[in-house]
file model-v9.pdb (PDB, C-alpha atoms)
ATOM      1  CA  MET A   9     -11.351 -35.851   4.016
ATOM      2  CA  SER A  10     -13.461 -33.025   2.606
ATOM      3  CA  VAL A  11     -12.342 -29.756   1.155
ATOM      4  CA  ILE A  12     -14.184 -26.455   1.207
ATOM      5  CA  THR A  13     -13.302 -24.355  -1.822
ATOM      6  CA  ILE A  14     -13.050 -20.668  -0.998
ATOM      7  CA  GLU A  15     -10.999 -18.703  -3.552
ATOM      8  CA  ARG A  16     -11.360 -15.323  -1.919
ATOM      9  CA  LYS A  17      -8.922 -12.461  -1.646
ATOM     10  CA  VAL A  18      -7.319 -12.233   1.784
ATOM     11  CA  LEU A  19      -7.698  -8.448   1.780
ATOM     12  CA  GLU A  20     -11.224  -8.381   0.347
ATOM     13  CA  LYS A  21     -12.603  -6.683   3.479
ATOM     14  CA  ASN A  22     -10.095  -3.872   3.035
ATOM     15  CA  ASP A  23     -10.817  -3.659  -0.703
ATOM     16  CA  ILE A  24     -14.557  -3.280  -0.074
ATOM     17  CA  VAL A  25     -14.010  -0.362   2.325
ATOM     18  CA  ALA A  26     -11.443   1.157  -0.067
ATOM     19  CA  ALA A  27     -14.071   1.104  -2.839
ATOM     20  CA  GLU A  28     -16.520   2.886  -0.506
ATOM     21  CA  ASN A  29     -13.856   5.488   0.310
ATOM     22  CA  ARG A  30     -13.136   5.999  -3.392
ATOM     23  CA  LYS A  31     -16.840   6.560  -4.054
ATOM     24  CA  ALA A  32     -17.078   9.088  -1.213
ATOM     25  CA  PHE A  33     -14.004  10.994  -2.462
ATOM     26  CA  GLN A  34     -15.432  11.083  -5.987
ATOM     27  CA  GLU A  35     -18.838  12.264  -4.790
ATOM     28  CA  ASN A  36     -17.125  15.131  -2.996
ATOM     29  CA  LYS A  37     -14.981  15.797  -6.089
ATOM     30  CA  THR A  38     -11.793  15.298  -4.099
ATOM     31  CA  PHE A  39      -8.569  14.203  -5.795
ATOM     32  CA  THR A  40      -6.925  11.900  -3.274
ATOM     33  CA  LEU A  41      -3.260  10.968  -2.999
ATOM     34  CA  ASN A  42      -1.746   8.295  -0.763
ATOM     35  CA  LEU A  43       1.796   9.419   0.157
ATOM     36  CA  VAL A  44       4.119   6.512   0.891
ATOM     37  CA  SER A  45       7.827   6.402   1.717
ATOM     38  CA  SER A  46      10.348   5.239   4.266
ATOM     39  CA  PRO A  47      10.472   7.211   7.562
ATOM     40  CA  GLY A  48      12.235  10.550   7.270
ATOM     41  CA  SER A  49      12.099  10.981   3.503
ATOM     42  CA  GLY A  50      10.168  14.233   3.862
ATOM     43  CA  LYS A  51       6.488  13.331   3.398
ATOM     44  CA  THR A  52       5.311  15.847   5.975
ATOM     45  CA  SER A  53       7.677  18.532   4.635
ATOM     46  CA  ILE A  54       6.196  18.044   1.174
ATOM     47  CA  VAL A  55       2.693  18.332   2.650
ATOM     48  CA  GLU A  56       3.756  21.556   4.400
ATOM     49  CA  ARG A  57       5.356  23.143   1.325
ATOM     50  CA  THR A  58       2.362  22.097  -0.809
ATOM     51  CA  ALA A  59      -0.031  23.612   1.732
ATOM     52  CA  TYR A  60       1.979  26.852   1.759
ATOM     53  CA  LEU A  61       2.458  27.242  -1.993
ATOM     54  CA  SER A  62      -1.017  26.136  -3.096
ATOM     55  CA  LYS A  63      -3.007  28.132  -0.551
ATOM     56  CA  ARG A  64      -4.826  30.180  -3.200
ATOM     57  CA  LYS A  65      -5.068  27.397  -5.756
ATOM     58  CA  PHE A  66      -6.826  24.493  -4.087
ATOM     59  CA  LYS A  67      -8.475  23.527  -0.852
ATOM     60  CA  LEU A  68      -6.396  20.857   0.847
ATOM     61  CA  GLY A  69      -7.281  18.332   3.555
ATOM     62  CA  VAL A  70      -4.777  15.997   5.205
ATOM     63  CA  ILE A  71      -5.019  12.665   7.001
ATOM     64  CA  GLU A  72      -1.814  11.892   8.883
ATOM     65  CA  GLY A  73      -0.839   8.334   9.756
ATOM     66  CA  ASP A  74       1.785   7.593  12.367
ATOM     67  CA  VAL A  75       2.638   4.832  14.775
ATOM     68  CA  GLN A  76       2.672   7.333  17.623
ATOM     69  CA  THR A  77       2.228  11.091  18.372
ATOM     70  CA  ASN A  78       0.248  13.989  16.873
ATOM     71  CA  LEU A  79       3.415  15.810  15.835
ATOM     72  CA  ASP A  80       2.701  15.704  12.102
ATOM     73  CA  ALA A  81      -0.893  16.912  12.477
ATOM     74  CA  GLU A  82       0.379  19.825  14.585
ATOM     75  CA  ARG A  83       2.922  20.733  11.902
ATOM     76  CA  VAL A  84       0.341  20.669   9.115
ATOM     77  CA  ALA A  85      -2.343  22.492  11.130
ATOM     78  CA  ARG A  86      -0.015  25.516  11.366
ATOM     79  CA  TYR A  87      -0.739  26.125   7.686
ATOM     80  CA  GLY A  88      -4.463  26.404   8.359
ATOM     81  CA  VAL A  89      -5.132  23.047   6.704
ATOM     82  CA  PRO A  90      -7.844  20.766   8.179
ATOM     83  CA  VAL A  91      -6.047  17.678   9.427
ATOM     84  CA  VAL A  92      -6.982  14.443  11.205
ATOM     85  CA  GLN A  93      -4.283  12.307  12.811
ATOM     86  CA  ILE A  94      -4.480   8.520  12.823
ATOM     87  CA  VAL A  95      -2.293   6.904  15.499
ATOM     88  CA  THR A  96      -1.874   3.237  14.615
ATOM     89  CA  ASN A  97      -0.264   2.248  17.949
ATOM     90  CA  GLY A  98       2.268  -0.022  16.342
ATOM     91  CA  SER A  99       0.652  -1.030  13.072
ATOM     92  CA  CYS A 100       3.053  -0.488  10.177
ATOM     93  CA  HIS A 101       0.510   0.656   7.574
ATOM     94  CA  LEU A 102      -2.857   2.375   7.159
ATOM     95  CA  GLU A 103      -5.941   0.348   6.254
ATOM     96  CA  ALA A 104      -9.017   1.554   4.410
ATOM     97  CA  SER A 105     -11.230   1.413   7.527
ATOM     98  CA  LEU A 106      -8.841   3.685   9.464
ATOM     99  CA  VAL A 107      -8.977   6.193   6.616
ATOM    100  CA  ARG A 108     -12.784   6.015   6.502
ATOM    101  CA  ASN A 109     -13.025   6.760  10.234
ATOM    102  CA  ALA A 110     -10.558   9.625   9.942
ATOM    103  CA  TYR A 111     -12.316  11.063   6.878
ATOM    104  CA  ASN A 112     -15.639  11.048   8.724
ATOM    105  CA  GLN A 113     -14.100  13.282  11.388
ATOM    106  CA  PHE A 114     -13.866  16.205   8.939
ATOM    107  CA  GLU A 115     -16.929  18.366   9.384
ATOM    108  CA  ASP A 116     -16.445  20.032   6.009
ATOM    109  CA  LYS A 117     -15.398  17.553   3.318
ATOM    110  CA  SER A 118     -15.353  19.983   0.392
ATOM    111  CA  PHE A 119     -11.637  19.512  -0.347
ATOM    112  CA  ASP A 120     -10.256  19.753  -3.847
ATOM    113  CA  VAL A 121      -7.338  17.618  -2.757
ATOM    114  CA  LEU A 122      -6.874  15.137   0.076
ATOM    115  CA  PHE A 123      -3.452  13.879   1.135
ATOM    116  CA  ILE A 124      -3.277  10.651   3.098
ATOM    117  CA  GLU A 125       0.189  10.498   4.607
ATOM    118  CA  ASN A 126       0.847   6.826   5.252
ATOM    119  CA  VAL A 127       3.033   5.348   7.986
ATOM    120  CA  GLY A 128       6.713   5.550   6.985
ATOM    121  CA  ASN A 129       7.391   2.119   5.504
ATOM    122  CA  LEU A 130       8.240   1.006   1.959
ATOM    123  CA  VAL A 131       6.824  -2.498   2.357
ATOM    124  CA  CYS A 132       3.409  -2.974   3.930
ATOM    125  CA  PRO A 133       1.498   0.108   2.675
ATOM    126  CA  ALA A 134       1.951  -1.221  -0.895
ATOM    127  CA  ALA A 135      -0.578  -3.968  -0.188
ATOM    128  CA  TYR A 136      -3.427  -1.826   1.163
ATOM    129  CA  ASP A 137      -5.710   0.141  -1.137
ATOM    130  CA  LEU A 138      -7.113   3.104   0.797
ATOM    131  CA  GLY A 139      -9.423   4.382  -1.950
ATOM    132  CA  GLU A 140      -6.920   6.922  -3.296
ATOM    133  CA  ASP A 141      -6.683   8.046  -6.915
ATOM    134  CA  ASN A 142      -2.907   7.600  -6.944
ATOM    135  CA  LYS A 143      -0.112   6.366  -4.761
ATOM    136  CA  VAL A 144       2.799   8.807  -4.606
ATOM    137  CA  VAL A 145       6.083   7.250  -3.524
ATOM    138  CA  ILE A 146       8.662   9.622  -2.074
ATOM    139  CA  VAL A 147      12.326   8.721  -1.886
ATOM    140  CA  SER A 148      14.975  11.090  -0.590
ATOM    141  CA  THR A 149      18.486  11.342  -1.959
ATOM    142  CA  THR A 150      19.973  10.385   1.424
ATOM    143  CA  GLU A 151      18.363   6.950   1.161
ATOM    144  CA  GLY A 152      20.509   6.023  -1.849
ATOM    145  CA  ASP A 153      19.708   5.435  -5.502
ATOM    146  CA  ASP A 154      19.064   1.684  -5.158
ATOM    147  CA  LYS A 155      15.754   1.901  -3.248
ATOM    148  CA  PRO A 156      13.435   1.245  -6.232
ATOM    149  CA  LEU A 157      15.199  -2.075  -6.879
ATOM    150  CA  LYS A 158      14.985  -3.083  -3.224
ATOM    151  CA  TYR A 159      11.287  -2.246  -2.805
ATOM    152  CA  PRO A 160       9.852  -2.968  -6.265
ATOM    153  CA  ALA A 161       6.217  -3.518  -5.234
ATOM    154  CA  MET A 162       5.910   0.004  -3.842
ATOM    155  CA  PHE A 163       7.396   1.631  -6.941
ATOM    156  CA  ARG A 164       5.340  -0.578  -9.239
ATOM    157  CA  ASN A 165       2.089   0.242  -7.423
ATOM    158  CA  SER A 166       2.693   4.003  -7.442
ATOM    159  CA  SER A 167       1.994   6.345 -10.323
ATOM    160  CA  VAL A 168       4.098   9.257  -9.106
ATOM    161  CA  LEU A 169       7.641   9.406  -7.728
ATOM    162  CA  ILE A 170       8.962  12.392  -5.804
ATOM    163  CA  ILE A 171      12.734  12.460  -5.391
ATOM    164  CA  ASN A 172      13.154  14.718  -2.373
ATOM    165  CA  LYS A 173      16.136  16.500  -0.759
ATOM    166  CA  THR A 174      17.790  17.283  -4.087
ATOM    167  CA  ASP A 175      19.649  20.149  -2.370
ATOM    168  CA  LEU A 176      21.798  17.537  -0.599
ATOM    169  CA  ILE A 177      23.044  15.913  -3.820
ATOM    170  CA  PRO A 178      26.460  17.707  -3.731
ATOM    171  CA  TYR A 179      27.210  16.019  -0.392
ATOM    172  CA  LEU A 180      26.079  12.499  -1.295
ATOM    173  CA  SER A 181      27.154   9.635  -3.514
ATOM    174  CA  CYS A 182      23.548   9.204  -4.659
ATOM    175  CA  SER A 183      23.151   9.690  -8.419
ATOM    176  CA  LEU A 184      19.866  11.264  -9.532
ATOM    177  CA  GLU A 185      20.237   9.642 -12.931
ATOM    178  CA  THR A 186      20.716   6.159 -11.442
ATOM    179  CA  LEU A 187      17.787   6.706  -9.079
ATOM    180  CA  ARG A 188      15.552   7.791 -11.971
ATOM    181  CA  ASN A 189      16.660   4.875 -14.153
ATOM    182  CA  ASN A 190      16.165   2.329 -11.368
ATOM    183  CA  ALA A 191      12.659   3.670 -10.716
ATOM    184  CA  LEU A 192      11.746   3.630 -14.418
ATOM    185  CA  GLN A 193      13.075   0.088 -14.733
ATOM    186  CA  ILE A 194      10.488  -0.978 -12.147
ATOM    187  CA  ASN A 195       7.742   1.242 -13.519
ATOM    188  CA  PRO A 196       8.236   3.083 -16.842
ATOM    189  CA  ASP A 197       4.961   4.991 -16.365
ATOM    190  CA  LEU A 198       6.095   6.819 -13.204
ATOM    191  CA  LYS A 199       5.619  10.584 -13.306
ATOM    192  CA  ILE A 200       8.738  11.970 -11.615
ATOM    193  CA  PHE A 201       9.208  15.197  -9.640
ATOM    194  CA  GLU A 202      12.490  16.294  -8.094
ATOM    195  CA  THR A 203      12.027  18.450  -5.039
ATOM    196  CA  SER A 204      13.741  20.187  -2.170
ATOM    197  CA  CYS A 205      11.657  21.410   0.737
ATOM    198  CA  LYS A 206      14.523  23.718   1.738
ATOM    199  CA  THR A 207      14.736  25.591  -1.571
ATOM    200  CA  ASP A 208      11.208  24.753  -2.837
ATOM    201  CA  GLU A 209      12.729  23.398  -6.030
ATOM    202  CA  GLY A 210      10.126  21.344  -7.896
ATOM    203  CA  ILE A 211       7.272  22.034  -5.458
ATOM    204  CA  LYS A 212       5.540  24.407  -7.867
ATOM    205  CA  GLU A 213       5.666  21.786 -10.659
ATOM    206  CA  TRP A 214       4.216  19.220  -8.239
ATOM    207  CA  CYS A 215       1.416  21.622  -7.247
ATOM    208  CA  ASN A 216       0.678  22.362 -10.916
ATOM    209  CA  TRP A 217       0.394  18.652 -11.621
ATOM    210  CA  ILE A 218      -2.067  18.242  -8.730
ATOM    211  CA  GLU A 219      -4.082  21.177 -10.058
ATOM    212  CA  SER A 220      -4.251  19.561 -13.498
ATOM    213  CA  LYS A 221      -5.697  16.415 -11.945
ATOM    214  CA  MET A 222      -8.355  18.082  -9.801
ATOM    215  CA  MET A 223     -11.964  17.232 -10.496
ATOM    216  CA  LYS A 224     -13.356  20.783 -10.358
TER     217      LYS A 224
ATOM    218  CA  MET B   3       5.823  -6.674   8.930
ATOM    219  CA  HIS B   4       2.087  -6.908   8.255
ATOM    220  CA  GLU B   5       1.983 -10.710   8.316
ATOM    221  CA  LEU B   6       0.028 -10.666  11.588
ATOM    222  CA  SER B   7      -2.751  -8.562  10.021
ATOM    223  CA  ILE B   8      -2.784 -10.916   7.039
ATOM    224  CA  ALA B   9      -2.965 -13.987   9.330
ATOM    225  CA  GLN B  10      -5.942 -12.412  11.121
ATOM    226  CA  GLU B  11      -7.736 -11.758   7.821
ATOM    227  CA  ILE B  12      -7.148 -15.385   6.794
ATOM    228  CA  LEU B  13      -8.499 -16.619  10.133
ATOM    229  CA  GLY B  14     -11.563 -14.381   9.736
ATOM    230  CA  ILE B  15     -12.309 -15.937   6.344
ATOM    231  CA  VAL B  16     -11.825 -19.488   7.735
ATOM    232  CA  TYR B  17     -14.330 -18.796  10.522
ATOM    233  CA  GLN B  18     -16.911 -17.672   7.950
ATOM    234  CA  TYR B  19     -16.856 -21.201   6.485
ATOM    235  CA  VAL B  20     -16.230 -23.146   9.692
ATOM    236  CA  PRO B  21     -17.951 -20.998  12.315
ATOM    237  CA  ASP B  22     -17.735 -23.519  15.139
ATOM    238  CA  PRO B  23     -14.684 -25.729  14.579
ATOM    239  CA  LYS B  24     -14.002 -28.730  16.810
ATOM    240  CA  GLU B  25     -10.475 -29.427  17.995
ATOM    241  CA  ASN B  26      -8.318 -30.722  15.109
ATOM    242  CA  SER B  27     -11.295 -30.551  12.727
ATOM    243  CA  VAL B  28      -9.475 -28.190  10.363
ATOM    244  CA  LYS B  29      -6.514 -30.015   8.881
ATOM    245  CA  SER B  30      -5.150 -27.288   6.679
ATOM    246  CA  VAL B  31      -5.824 -23.936   5.083
ATOM    247  CA  ARG B  32      -4.465 -23.513   1.583
ATOM    248  CA  ILE B  33      -3.531 -20.024   0.464
ATOM    249  CA  ARG B  34      -1.959 -18.555  -2.653
ATOM    250  CA  ILE B  35       0.640 -15.841  -2.166
ATOM    251  CA  GLY B  36       1.819 -13.729  -5.071
ATOM    252  CA  LYS B  37       5.536 -13.100  -5.260
ATOM    253  CA  LEU B  38       4.874  -9.366  -5.452
ATOM    254  CA  SER B  39       2.600  -9.238  -2.416
ATOM    255  CA  ASN B  40       5.405  -8.395   0.026
ATOM    256  CA  ILE B  41       4.693 -11.324   2.307
ATOM    257  CA  LEU B  42       7.353 -13.416   4.028
ATOM    258  CA  PRO B  43       5.895 -16.958   4.111
ATOM    259  CA  ASP B  44       7.807 -18.107   7.220
ATOM    260  CA  SER B  45       6.634 -15.077   9.117
ATOM    261  CA  LEU B  46       3.035 -15.595   7.989
ATOM    262  CA  THR B  47       3.172 -19.243   9.099
ATOM    263  CA  PHE B  48       4.570 -18.155  12.458
ATOM    264  CA  CYS B  49       1.810 -15.567  12.933
ATOM    265  CA  PHE B  50      -0.919 -18.018  11.905
ATOM    266  CA  GLU B  51       0.380 -20.558  14.430
ATOM    267  CA  ALA B  52       0.600 -17.890  17.126
ATOM    268  CA  ILE B  53      -2.996 -16.692  16.744
ATOM    269  CA  THR B  54      -4.465 -20.205  16.551
ATOM    270  CA  THR B  55      -2.524 -21.677  19.494
ATOM    271  CA  ASP B  56      -5.234 -21.325  22.111
ATOM    272  CA  THR B  57      -8.130 -22.024  19.760
ATOM    273  CA  PRO B  58      -9.739 -25.155  18.287
ATOM    274  CA  LEU B  59      -7.797 -24.376  15.114
ATOM    275  CA  LYS B  60      -4.525 -25.212  16.838
ATOM    276  CA  GLY B  61      -2.492 -27.506  14.615
ATOM    277  CA  ALA B  62      -4.200 -26.459  11.384
ATOM    278  CA  LYS B  63      -1.466 -26.202   8.774
ATOM    279  CA  LEU B  64      -1.107 -23.174   6.588
ATOM    280  CA  GLU B  65      -0.252 -24.501   3.127
ATOM    281  CA  ILE B  66       1.282 -21.771   1.028
ATOM    282  CA  ILE B  67       1.336 -21.946  -2.760
ATOM    283  CA  HIS B  68       3.696 -19.387  -4.290
ATOM    284  CA  ILE B  69       2.402 -17.611  -7.370
ATOM    285  CA  PRO B  70       5.023 -16.157  -9.717
ATOM    286  CA  VAL B  71       4.607 -12.711 -11.229
ATOM    287  CA  ALA B  72       2.827 -13.084 -14.573
ATOM    288  CA  ILE B  73       2.756 -10.450 -17.289
ATOM    289  CA  THR B  74       1.206  -9.720 -20.643
ATOM    290  CA  CYS B  75       3.463  -7.854 -23.051
ATOM    291  CA  SER B  76       1.763  -5.054 -24.981
ATOM    292  CA  ASN B  77       4.524  -5.123 -27.586
ATOM    293  CA  CYS B  78       4.641  -8.793 -28.623
ATOM    294  CA  ASN B  79       1.281  -9.879 -27.165
ATOM    295  CA  THR B  80       2.689 -12.794 -25.196
ATOM    296  CA  THR B  81       2.262 -13.851 -21.603
ATOM    297  CA  SER B  82       5.265 -14.787 -19.458
ATOM    298  CA  GLU B  83       6.537 -15.016 -15.933
ATOM    299  CA  ILE B  84       9.053 -12.477 -14.680
ATOM    300  CA  GLU B  85      11.414 -12.280 -11.740
ATOM    301  CA  PRO B  86      11.324  -8.872  -9.965
ATOM    302  CA  PRO B  87      13.052  -6.443  -9.904
ATOM    303  CA  VAL B  88      13.253  -7.021 -13.671
ATOM    304  CA  PHE B  89      10.017  -5.734 -15.172
ATOM    305  CA  THR B  90      10.560  -6.358 -18.870
ATOM    306  CA  CYS B  91       9.170  -8.951 -21.271
ATOM    307  CA  PRO B  92      11.623 -11.905 -21.279
ATOM    308  CA  LEU B  93      10.818 -12.565 -24.952
ATOM    309  CA  CYS B  94      11.130  -9.152 -26.615
ATOM    310  CA  GLY B  95      12.638  -6.990 -23.861
ATOM    311  CA  SER B  96       9.847  -4.400 -23.922
ATOM    312  CA  ASN B  97       8.935  -2.604 -20.700
ATOM    313  CA  GLN B  98       5.363  -2.054 -21.891
ATOM    314  CA  ILE B  99       3.985  -4.890 -19.806
ATOM    315  CA  LYS B 100       0.872  -5.409 -17.757
ATOM    316  CA  ILE B 101       1.118  -7.455 -14.581
ATOM    317  CA  THR B 102      -1.617 -10.063 -14.634
ATOM    318  CA  GLY B 103      -0.765 -12.237 -11.636
ATOM    319  CA  GLY B 104       1.388 -12.623  -8.572
ATOM    320  CA  THR B 105       0.332  -9.470  -6.781
ATOM    321  CA  ASP B 106      -2.387 -10.624  -4.424
ATOM    322  CA  MET B 107      -3.155 -13.167  -1.743
ATOM    323  CA  ARG B 108      -6.067 -15.584  -1.833
ATOM    324  CA  VAL B 109      -7.523 -18.164   0.479
ATOM    325  CA  ASP B 110      -7.929 -21.164  -1.788
ATOM    326  CA  SER B 111      -9.527 -23.880   0.303
ATOM    327  CA  ILE B 112      -9.899 -25.471   3.710
ATOM    328  CA  GLU B 113      -9.281 -29.167   4.264
ATOM    329  CA  LEU B 114     -11.326 -30.761   7.041
ATOM    330  CA  ASN B 115     -10.638 -33.843   9.147
ATOM    331  CA  ASP B 116     -13.985 -35.552   8.590
ATOM    332  CA  GLU B 117     -13.441 -38.222  11.253
ATOM    333  CA  ILE B 118     -13.281 -35.637  13.957
ATOM    334  CA  GLU B 119     -16.369 -33.838  12.657
ATOM    335  CA  GLU B 120     -18.315 -37.164  12.720
ATOM    336  CA  LYS B 121     -17.092 -38.343  16.114
ATOM    337  CA  THR B 122     -18.187 -35.199  17.914
TER     338      THR B 122
END

call {"tool": "encode", "arguments": {"input": "model-v9.pdb", "output": "structure tokens"}}
result
Amino acid sequence: MSVITIERKVLEKNDIVAAENRKAFQENKTFTLNLVSSPGSGKTSIVERTAYLSKRKFKLGVIEGDVQTNLDAERVARYGVPVVQIVTNGSCHLEASLVRNAYNQFEDKSFDVLFIENVGNLVCPAAYDLGEDNKVVIVSTTEGDDKPLKYPAMFRNSSVLIINKTDLIPYLSCSLETLRNNALQINPDLKIFETSCKTDEGIKEWCNWIESKMMK
Amino acid sequence: MHELSIAQEILGIVYQYVPDPKENSVKSVRIRIGKLSNILPDSLTFCFEAITTDTPLKGAKLEIIHIPVAITCSNCNTTSEIEPPVFTCPLCGSNQIKITGGTDMRVDSIELNDEIEEKT
């Protein structure tokens, strides 16, 4: 009986492409954010409000990931933002190679900021580095304040948390304080924004933070 | 949900070391799965079996070693194991910890059935 020793990372192929993506984003001086959340938490709404409110402040590009349809790309394109849609046809997460192919479809890559909107899923996208500077996890108040405890890997791997749909708080049993505390228990370094895409609460602060992180 | 993609990556790595396997020549593939890697072992085993069924690798066992989440505490400078979703040092209670293990997945080794390799 012989044994071949391997000791290699299962996702090393993805990690290699992610490193190439990261290099390309840095060369183009683009600050890149990977937006992750469960379906329906408001990722695309946050992209839309950011596109609208930051129009004169930074040049934004968007890669949209969905299991099916171009609906999100159509929504974002209405704001005059260059957007490429990835349709995964069933896959529950984006991989670095999909992002590379999508990124290469932009003719002009001179973005200050690139959003990669991942497939709505709080599990699988945590495992795949896409080459982003930061993962931003979005959780909406309608999902309940226990989500950070139920999906710890995603909250631990993210550096920013957006708590969205704060305008609905009066109608829900979700406690913002509990949600914040649960998230900080998983990851005390999380930078937290509280937003509503209906009232634009918190969107300006979020845009200002992005601006402070830009590379030019 | 991404266990099938993970099983395919594992298979890809196996084929790099055993490019032309004979039937039953690969006895087992040993992998290490971190507790914080969001992988359901039963589902991964199922997917690995499913994608090897009609190949010479049929019957190769996926041996999974579970790796606990390891941390280094920046406050008391100790290393410990933790049980998510609690992310604090079990010794001093500090949340200033760095995760040092249990987040990734590795292919450790492949065990071959030498008799079959020699016979063929």

call {"tool": "resolve_selection", "arguments": {"input": "model-v9.pdb", "expression": "the ChimeraX specification (/B :<7) & /A", "output": "PyMOL selection string"}}
result
chain A and resi 9-19+100+131-132+135+157+160-161+193-194+196

call {"tool": "residues_around", "arguments": {"input": "model-v9.pdb", "residues": "Tyr111 (chain A)", "least_positions_apart": "5", "cutoff": "9 Å", "atoms": "only C-alpha atoms", "output": "list in words"}}
result
Asn29, Ile71, Val92, Leu106 and Lys117 of chain A

call {"tool": "atom_distance", "arguments": {"input": "model-v9.pdb", "atom1": "CA of Lys206 (chain A)", "atom2": "CA of Asp175 (chain A)"}}
result
7.5 Å

call {"tool": "residues_around", "arguments": {"input": "model-v9.pdb", "residues": "Glu185 (chain A)", "least_positions_apart": "6", "cutoff": "12 Å", "atoms": "all atoms listed in the file", "output": "short mmCIF file (atom, residue, chain, number, x, y, z; two decimals) with C-alpha atoms, in the frame of the given file"}}
result
data_model
loop_
_atom_site.label_atom_id
_atom_site.label_comp_id
_atom_site.auth_asym_id
_atom_site.auth_seq_id
_atom_site.Cartn_x
_atom_site.Cartn_y
_atom_site.Cartn_z
CA THR A 149 18.49 11.34 -1.96
CA GLY A 152 20.51 6.02 -1.85
CA ASP A 153 19.71 5.44 -5.50
CA ASP A 154 19.06 1.68 -5.16
CA ILE A 171 12.73 12.46 -5.39
CA THR A 174 17.79 17.28 -4.09
CA ILE A 177 23.04 15.91 -3.82
CA ALA A 191 12.66 3.67 -10.72
CA LEU A 192 11.75 3.63 -14.42
CA ILE A 200 8.74 11.97 -11.62
CA GLU A 202 12.49 16.29 -8.09
#

call {"tool": "resolve_selection", "arguments": {"input": "model-v9.pdb", "expression": "the PyMOL selection byres ((chain A and resi 146) around 6)", "output": "list in words"}}
result
Ser45, Val145, Val147, Leu169, Ile170 and Ile171 of chain A

call {"tool": "atom_distance", "arguments": {"input": "model-v9.pdb", "atom1": "CA of Leu102 (chain A)", "atom2": "CA of Lys158 (chain A)"}}
result
21.4 Å

call {"tool": "residues_around", "arguments": {"input": "model-v9.pdb", "residues": "Asn142 (chain A)", "least_positions_apart": "3", "cutoff": "10 Å", "atoms": "only C-alpha atoms", "output": "NGL selection string"}}
result
:A and (39-43 or 137-139 or 145 or 165-168)

call {"tool": "atom_distance", "arguments": {"input": "model-v9.pdb", "atom1": "CA of Asn97 (chain A)", "atom2": "CA of Leu68 (chain A)"}}
result
26.0 Å

call {"tool": "resolve_selection", "arguments": {"input": "model-v9.pdb", "expression": "the PyMOL selection byres ((chain B and resi 54) around 12)", "output": "tab-separated table (two decimals) with C-alpha atoms, keeping the file's coordinate frame"}}
result
chain	number	residue	atom	x	y	z
B	6	LEU	CA	0.03	-10.67	11.59
B	9	ALA	CA	-2.96	-13.99	9.33
B	10	GLN	CA	-5.94	-12.41	11.12
B	12	ILE	CA	-7.15	-15.38	6.79
B	13	LEU	CA	-8.50	-16.62	10.13
B	14	GLY	CA	-11.56	-14.38	9.74
B	16	VAL	CA	-11.82	-19.49	7.74
B	17	TYR	CA	-14.33	-18.80	10.52
B	23	PRO	CA	-14.68	-25.73	14.58
B	25	GLU	CA	-10.48	-29.43	18.00
B	26	ASN	CA	-8.32	-30.72	15.11
B	28	VAL	CA	-9.48	-28.19	10.36
B	47	THR	CA	3.17	-19.24	9.10
B	48	PHE	CA	4.57	-18.16	12.46
B	49	CYS	CA	1.81	-15.57	12.93
B	50	PHE	CA	-0.92	-18.02	11.90
B	51	GLU	CA	0.38	-20.56	14.43
B	52	ALA	CA	0.60	-17.89	17.13
B	53	ILE	CA	-3.00	-16.69	16.74
B	55	THR	CA	-2.52	-21.68	19.49
B	56	ASP	CA	-5.23	-21.32	22.11
B	57	THR	CA	-8.13	-22.02	19.76
B	58	PRO	CA	-9.74	-25.16	18.29
B	59	LEU	CA	-7.80	-24.38	15.11
B	60	LYS	CA	-4.53	-25.21	16.84
B	61	GLY	CA	-2.49	-27.51	14.62
B	62	ALA	CA	-4.20	-26.46	11.38
B	63	LYS	CA	-1.47	-26.20	8.77
B	64	LEU	CA	-1.11	-23.17	6.59

call {"tool": "residues_around", "arguments": {"input": "model-v9.pdb", "residues": "region 77-82 of chain B", "least_positions_apart": "6", "cutoff": "9 Å", "atoms": "only C-alpha atoms", "output": "list in words"}}
result
Val71, Cys91, Pro92, Leu93, Cys94, Ser96, Asn97, Gln98, Ile99 and Thr102 of chain B

call {"tool": "closest_residue", "arguments": {"input": "model-v9.pdb", "among": "A:Leu176, A:Val55, A:Met222, A:Ala104", "to": "Phe123 (chain A)", "atoms": "all atoms listed in the file"}}
result
A:Val55

call {"tool": "axis_aligned_box", "arguments": {"input": "model-v9.pdb", "around": "region 74-79 of chain A", "padding_each_side": "8 Å", "output": "AutoDock Vina command-line options"}}
result
--center_x 1.8 --center_y 10.3 --center_z 15.4 --size_x 19.2 --size_y 27.0 --size_z 22.0

call {"tool": "residues_around", "arguments": {"input": "model-v9.pdb", "residues": "Phe66 (chain A)", "least_positions_apart": "6", "cutoff": "12 Å", "atoms": "all atoms listed in the file", "output": "compact mmCIF listing (two decimals) with C-alpha atoms, in the coordinates of the input"}}
result
# COMPACT_ATOMS: atom_id res chain seq x y z
CA THR A 38 -11.79 15.30 -4.10
CA PHE A 39 -8.57 14.20 -5.80
CA THR A 58 2.36 22.10 -0.81
CA ALA A 59 -0.03 23.61 1.73
CA TYR A 60 1.98 26.85 1.76
CA VAL A 89 -5.13 23.05 6.70
CA SER A 118 -15.35 19.98 0.39
CA PHE A 119 -11.64 19.51 -0.35
CA ASP A 120 -10.26 19.75 -3.85
CA VAL A 121 -7.34 17.62 -2.76
CA LEU A 122 -6.87 15.14 0.08
CA CYS A 215 1.42 21.62 -7.25
CA ASN A 216 0.68 22.36 -10.92
CA TRP A 217 0.39 18.65 -11.62
CA ILE A 218 -2.07 18.24 -8.73
CA GLU A 219 -4.08 21.18 -10.06
CA SER A 220 -4.25 19.56 -13.50
CA LYS A 221 -5.70 16.42 -11.94
CA MET A 222 -8.36 18.08 -9.80
CA MET A 223 -11.96 17.23 -10.50
CA LYS A 224 -13.36 20.78 -10.36
